[in-house]
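Working notes, structure below.
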Amino acid sequence: MSRRVPRSRAPLALALGAALAAPLAIGPPASAADPYTVTPLKFTVRAGGRSCTVDADLYRPAGVDRDHPAPAVLGTNGFGGSKSDGSTDTIGKAFAQRGYVSLVYSGLGFGRSGCLVSLDDPDIDGAAAAQLVDFLGGKRAADDGTTADFVTLDAPGDPRVGMIGGSYGGAVQLATASVDHRLDALVPMITWNDLAYSLDPNNAVGSAGVPGVFKWQWTNGFYLIGEGQPLLQPSLDPSRVNSLACLHFVTEACRTVHTLNSGSYPAGRTAELLAFARRVSPASYLHRVKTPTLLVQGQADTLFNLNEATATYRTLRAQGTPVKMIWQSWGHSGGLTGPAAAGELDLSKGNLETSYVGRRVLAWFDRHLRKRTDVDTGPAFAYYRDWVTDPNRTYATADHLPALNRTLYLSGDGKLVDDRSKVARGNRGYTNWLIPTSHSESSLAGLIGLRDSPPSDIKGTYLDWTSESLERPLDVVGAPRATLKVHSPKAERTQNSGDAADKLVLFAKIYDVAPDGTRTLVRRLVAPVRVPDVTKSFTVTLPGIVHRYETGHRLRFVIAASDDAYFGNRGIKPVTVVGGPREPGVLRLPVAGS
């Protein structure tokens with residue numbers, strides 16, 4: 001019988017949780033009664049110039065030994081969690097029940113593991129995980145002398161091992177694969193591509209070098225969790241303490257957050273600190289990742305939206321790394337607390353065989369860890385459709401992401417039209433206040449299960465363009481794009497001040513307007529923009545969505561002066577949009593089935 005590992009619930013543990021059932025046969029499931037043993041282990045590792053302890057649990061299936069080895073699965077927690085989280089320890093249980101050796105551990109700076117929180121830096125977090133791969137490959141022992149001579153090897157010291165985990169436990173997989181090519185399969189879930197975009201997004205295309213718009217609620221929530229570790233884990237290992245100015249993060253991480261909170265973007269200093277966020281992100285090291293990767297991203301996620309996984313997917317695919325991608329229903333902004341949607345994967349319950357994503361994960365590991373070449377790992381792309389009621393058809397699949405294939409035009413009279421000849425001339429304007437006047441979300445509400453007020457905009461602080469009622473359903477799958485030209489003399493005068501905070505900020509978004517006038521901001525997603533040059537037109541990539549606009553509904557494209565989940569404009573900057581048939585604003589949509 002297995003020894004039960006205690007479970008705890010950490011306040012922002014970014015658990016694994018969801019994705020729906022659909023037919024996909026990959027072989028008979030292992031019995032839930034299959035026994036396994038659990039052995040707590042400690043590993044002293046060198047990471048970031050420090051020596052610290054990693055706290056882990058080894059799950060060993062019955063019957064697995066030197067003469068009968070098995071491949072391994074390595075997993076760790078989300079931010080603020082530990083190896084004992086409901087979803088993290090269930091990784092160990094679920095895969096041990098299915099015949100895999102499992103090693104789950106508390107990430108650096110969390111639970112009872114030492115070292116500073118370093119944001120999944122490949123040279124620190126990746127290097128620490130690689131030393132656990134050494135253990136699985138028989139190259140080193142745990143601190144108490146325990147060795148693992150029962151893991152399938154591809155070569156001496158090279159274990160057959162995959163990784164799985166969500167959010168913070170997702171990015172560490174890519175970080176590890178970039179420094180250790182022994183990994184054989186990855187399943188990163190709801191994680192980031194570029195932390196500079198995640199925390200300070202600028203959705204303007206070609207805005208390299210222009211800082212974004214600080215996502216202050218999400219960022220400070222996680223920062224406080226990191227700095228508040230003594231409240232979660234008393235008697236900290238000394239290797240987890242940095243200084244009074246930066247308690248438990250690496251210094252560069254604290255400096256980045258402090259600069260963002262200052263509301264100032266001085267040239268040089270800001271670029272340097274945002275470069276740190278990018279350096280520790282997959283965007284900077286994916287060229288070194290060759291491990292087959294199954295990306296799972298959440299549609300309900302304003303922290304790490306679908307554009308993050310899409311960027312990772314496209315990079316890996318372009319360089320020839322085997323990769324597939326699934327967009328599931330849940331993410332950081334919904335589904336992590338309370339009951340999951342029917343049929344969704346919930347690793348805290350271990351329902352792998354009865355969920356679409358679960359079966360895709362098992363197939364991925366069967367193919368790449370058990371080397372079952374007959375196993376079909378599924379299509380290149382799959383996405384969850386919340387408007388489909390048949391649980392066996394909730395996921396749609398495709399060989400590629402839908403293209404931008406539907407064009408609408410922003411008319412001067414506030415209409416969103418489907419023909420350029422229908423564009424009317426007209427000037428309309430708005431101005432920002434010194435306080436936020438638009439609400440998209442309270443960022444942490446969905447994560448901790450609180451109700452949030454509906455999205456709203458105060459008259460005079462935004463502009464909108466509304467389409468005619470749809471004659472048939474419109475399924476948007478992917479990231480819309482809008483091209484705009486705005487006039488703001490005040491912003492034009494200040495935009496070259498040497499501080500990027502003086503550039504114009506606006507927020508683009510698309511509402512679904514029902515026949516009764518009810519507005520829905522799909523998944524509460526917005527596109528923050530710090531306009532690179534207000535004298536020129538610019539293009540905005542909105543966050544990806546999967547949404548059906550039903551017959552009789554209308555699309556409403558909005559640009560707003562502010563959003564209370566983000567920092568906004570410095571000073572009052574009135575904006576005018578001039579509409580006309582010669583140079584209209586354009587909204588392009590990726591429509592499935594077109």
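Identifiers for the structure tokens are assigned positionally: chains receive A, B, ... in sequence, residues are indexed from 1 per chain, and ligands are indexed from 1 in the order shown.
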Open item on the list: Just list as a ChimeraX atom specification whatever in stretch 356-574 of chain A DSSP marks as strand (DSSP E).
Closed with: /A:381-384,395-398,406-410,415-417,426-430,438-439,456-457,462-467,474-478,481-484,505-513,519-521,527-530,538-541,545-549,554-560
Task: Test item: residues at most 6 Å from stretch 264-281 of chain A, only C-alpha atoms, excluding those fewer than 4 positions along its chain, as a list in words - done: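 Listing them by chain and then by number gives Asp121, Asp194, Leu195, Ala196, Thr256, Asp499, Ala500 and Ala501 of chain A.
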Open item on the list: Using only C-alpha atoms for the distances, tell me which of A:Ala382, A:Ile326, A:Ile124, A:Val540 is nearest to A:Ala527.
Closed with: A:Val540
TODO: Name all residues at most 10 Å from stretch 94-97 of chain A (count only C-alpha atoms; drop same-chain ones fewer than 2 positions away) and give them as a PyMOL selection string.
DONE: chain A and resi 29-38+58-62+70+72-74+87+89-92+99-103+347-352+362
Since we have the selection now, will you write its residues out, keeping C-alpha atoms, as a JSON list (two decimals), in the first residue's frame?
```json
[["chain", "number", "residue", "atom", "x", "y", "z"],
["A", 29, "PRO", "CA", -5.96, 2.25, -18.02],
["A", 30, "ALA", "CA", -3.96, 0.99, -15.09],
["A", 31, "SER", "CA", -5.98, -0.05, -12.09],
["A", 32, "ALA", "CA", -6.47, 2.66, -9.46],
["A", 33, "ALA", "CA", -5.63, -0.02, -6.89],
["A", 34, "ASP", "CA", -2.12, -0.63, -8.24],
["A", 35, "PRO", "CA", 0.16, -0.09, -5.22],
["A", 36, "TYR", "CA", 3.17, 2.17, -5.08],
["A", 37, "THR", "CA", 5.53, 3.34, -2.39],
["A", 38, "VAL", "CA", 6.37, 6.95, -1.53],
["A", 58, "LEU", "CA", 9.69, 9.57, -5.00],
["A", 59, "TYR", "CA", 6.75, 7.41, -6.12],
["A", 60, "ARG", "CA", 7.78, 3.91, -7.15],
["A", 61, "PRO", "CA", 5.21, 1.51, -8.64],
["A", 62, "ALA", "CA", 5.11, -2.01, -7.27],
["A", 70, "ALA", "CA", 10.00, 2.04, -15.94],
["A", 72, "ALA", "CA", 9.84, 8.49, -15.09],
["A", 73, "VAL", "CA", 7.69, 11.60, -14.73],
["A", 74, "LEU", "CA", 9.07, 14.72, -13.00],
["A", 87, "SER", "CA", -2.47, 18.78, -7.90],
["A", 89, "ASP", "CA", 1.23, 15.30, -5.26],
["A", 90, "THR", "CA", -1.49, 13.85, -7.47],
["A", 91, "ILE", "CA", 0.98, 13.97, -10.36],
["A", 92, "GLY", "CA", 3.05, 11.50, -8.38],
["A", 99, "GLY", "CA", 3.34, 2.41, -14.05],
["A", 100, "TYR", "CA", 5.62, 5.45, -14.14],
["A", 101, "VAL", "CA", 8.29, 6.24, -11.58],
["A", 102, "SER", "CA", 7.32, 9.72, -10.37],
["A", 103, "LEU", "CA", 9.46, 12.35, -8.68],
["A", 347, "LEU", "CA", -5.22, 16.34, -11.85],
["A", 348, "SER", "CA", -6.22, 16.82, -8.23],
["A", 349, "LYS", "CA", -8.64, 13.98, -9.03],
["A", 350, "GLY", "CA", -6.39, 12.14, -11.48],
["A", 351, "ASN", "CA", -9.13, 11.72, -14.10],
["A", 352, "LEU", "CA", -6.72, 11.19, -16.97],
["A", 362, "LEU", "CA", -1.21, 9.86, -21.56]]
```
TODO: Within 7 Å of stretch 363-370 of chain A, counting only C-alpha atoms, which residues show up once you throw out same-chain ones fewer than 6 positions away? Write them as a VMD selection string, please.
DONE: chain A and resid 26 71 160 to 162 184 to 185 376 to 377
TODO: Enumerate, as an MDAnalysis selection string, the complete set of residues in stretch 120-243 of chain A that a backbone-based DSSP assignment places in helix (DSSP H, G or I).
DONE: chainID A and resid 122:136 168:179 195:199 216:227 229:232 238:240
Open item on the list: So that I can see what lies close to stretch 510-519 of chain A, please list as a PyMOL selection string the residues with an atom at most 8 Å from it, counting only C-alpha atoms and leaving out residues fewer than 5 positions away in the same chain.
Closed with: chain A and resi 526+549+552-558
Task: Point-to-point distance in Å for atom CA of A:Phe150 and atom CA of A:His68 - done: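 Separation of atom CA of A:His68 and atom CA of A:Phe150: 6.9 Å.
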Task: Two-atom distance - atom CA of A:Asn220, atom CA of A:Thr431 (Å) - done: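 Spanning atom CA of A:Asn220 to atom CA of A:Thr431 is a straight-line distance of 27.7 Å.
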TODO: To one decimal in Å, tell me the separation between atom CA of A:Lys573 and atom CA of A:Pro543.
DONE: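 Going from atom CA of A:Lys573 over to atom CA of A:Pro543, I get 25.0 Å.
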Open item on the list: Using only C-alpha atoms, which protein or nucleic acid residues come within 12 Å of A:Ser243? Drop anything in the same chain fewer than 5 positions from it, and give the result as a PyMOL selection string.
Closed with: chain A and resi 116+227+238+248-251+254
Saved selection, atoms kept: N, CA and C atoms, as a CSV table (one decimal), in the first residue's frame:
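Final output, selection.csv:
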```
chain,number,residue,atom,x,y,z
A,116,LEU,N,16.6,31.1,-3.5
A,116,LEU,CA,15.7,32.2,-3.8
A,116,LEU,C,14.7,31.9,-4.9
A,227,GLU,N,7.3,37.3,-1.3
A,227,GLU,CA,8.0,38.0,-0.2
A,227,GLU,C,7.4,37.6,1.2
A,238,PRO,N,18.2,29.4,5.4
A,238,PRO,CA,18.9,30.6,5.2
A,238,PRO,C,19.2,30.9,3.7
A,248,HIS,N,13.1,37.4,-0.6
A,248,HIS,CA,13.1,36.0,-1.0
A,248,HIS,C,13.2,35.8,-2.5
A,249,PHE,N,13.2,36.9,-3.3
A,249,PHE,CA,13.4,36.8,-4.8
A,249,PHE,C,14.9,37.1,-5.0
A,250,VAL,N,15.3,36.7,-6.2
A,250,VAL,CA,16.6,37.2,-6.7
A,250,VAL,C,16.5,38.7,-6.9
A,251,THR,N,17.6,39.4,-6.7
A,251,THR,CA,17.6,40.9,-6.7
A,251,THR,C,17.0,41.5,-8.0
A,254,CYS,N,13.2,41.7,-7.9
A,254,CYS,CA,12.6,42.7,-7.1
A,254,CYS,C,12.8,44.1,-7.7
```
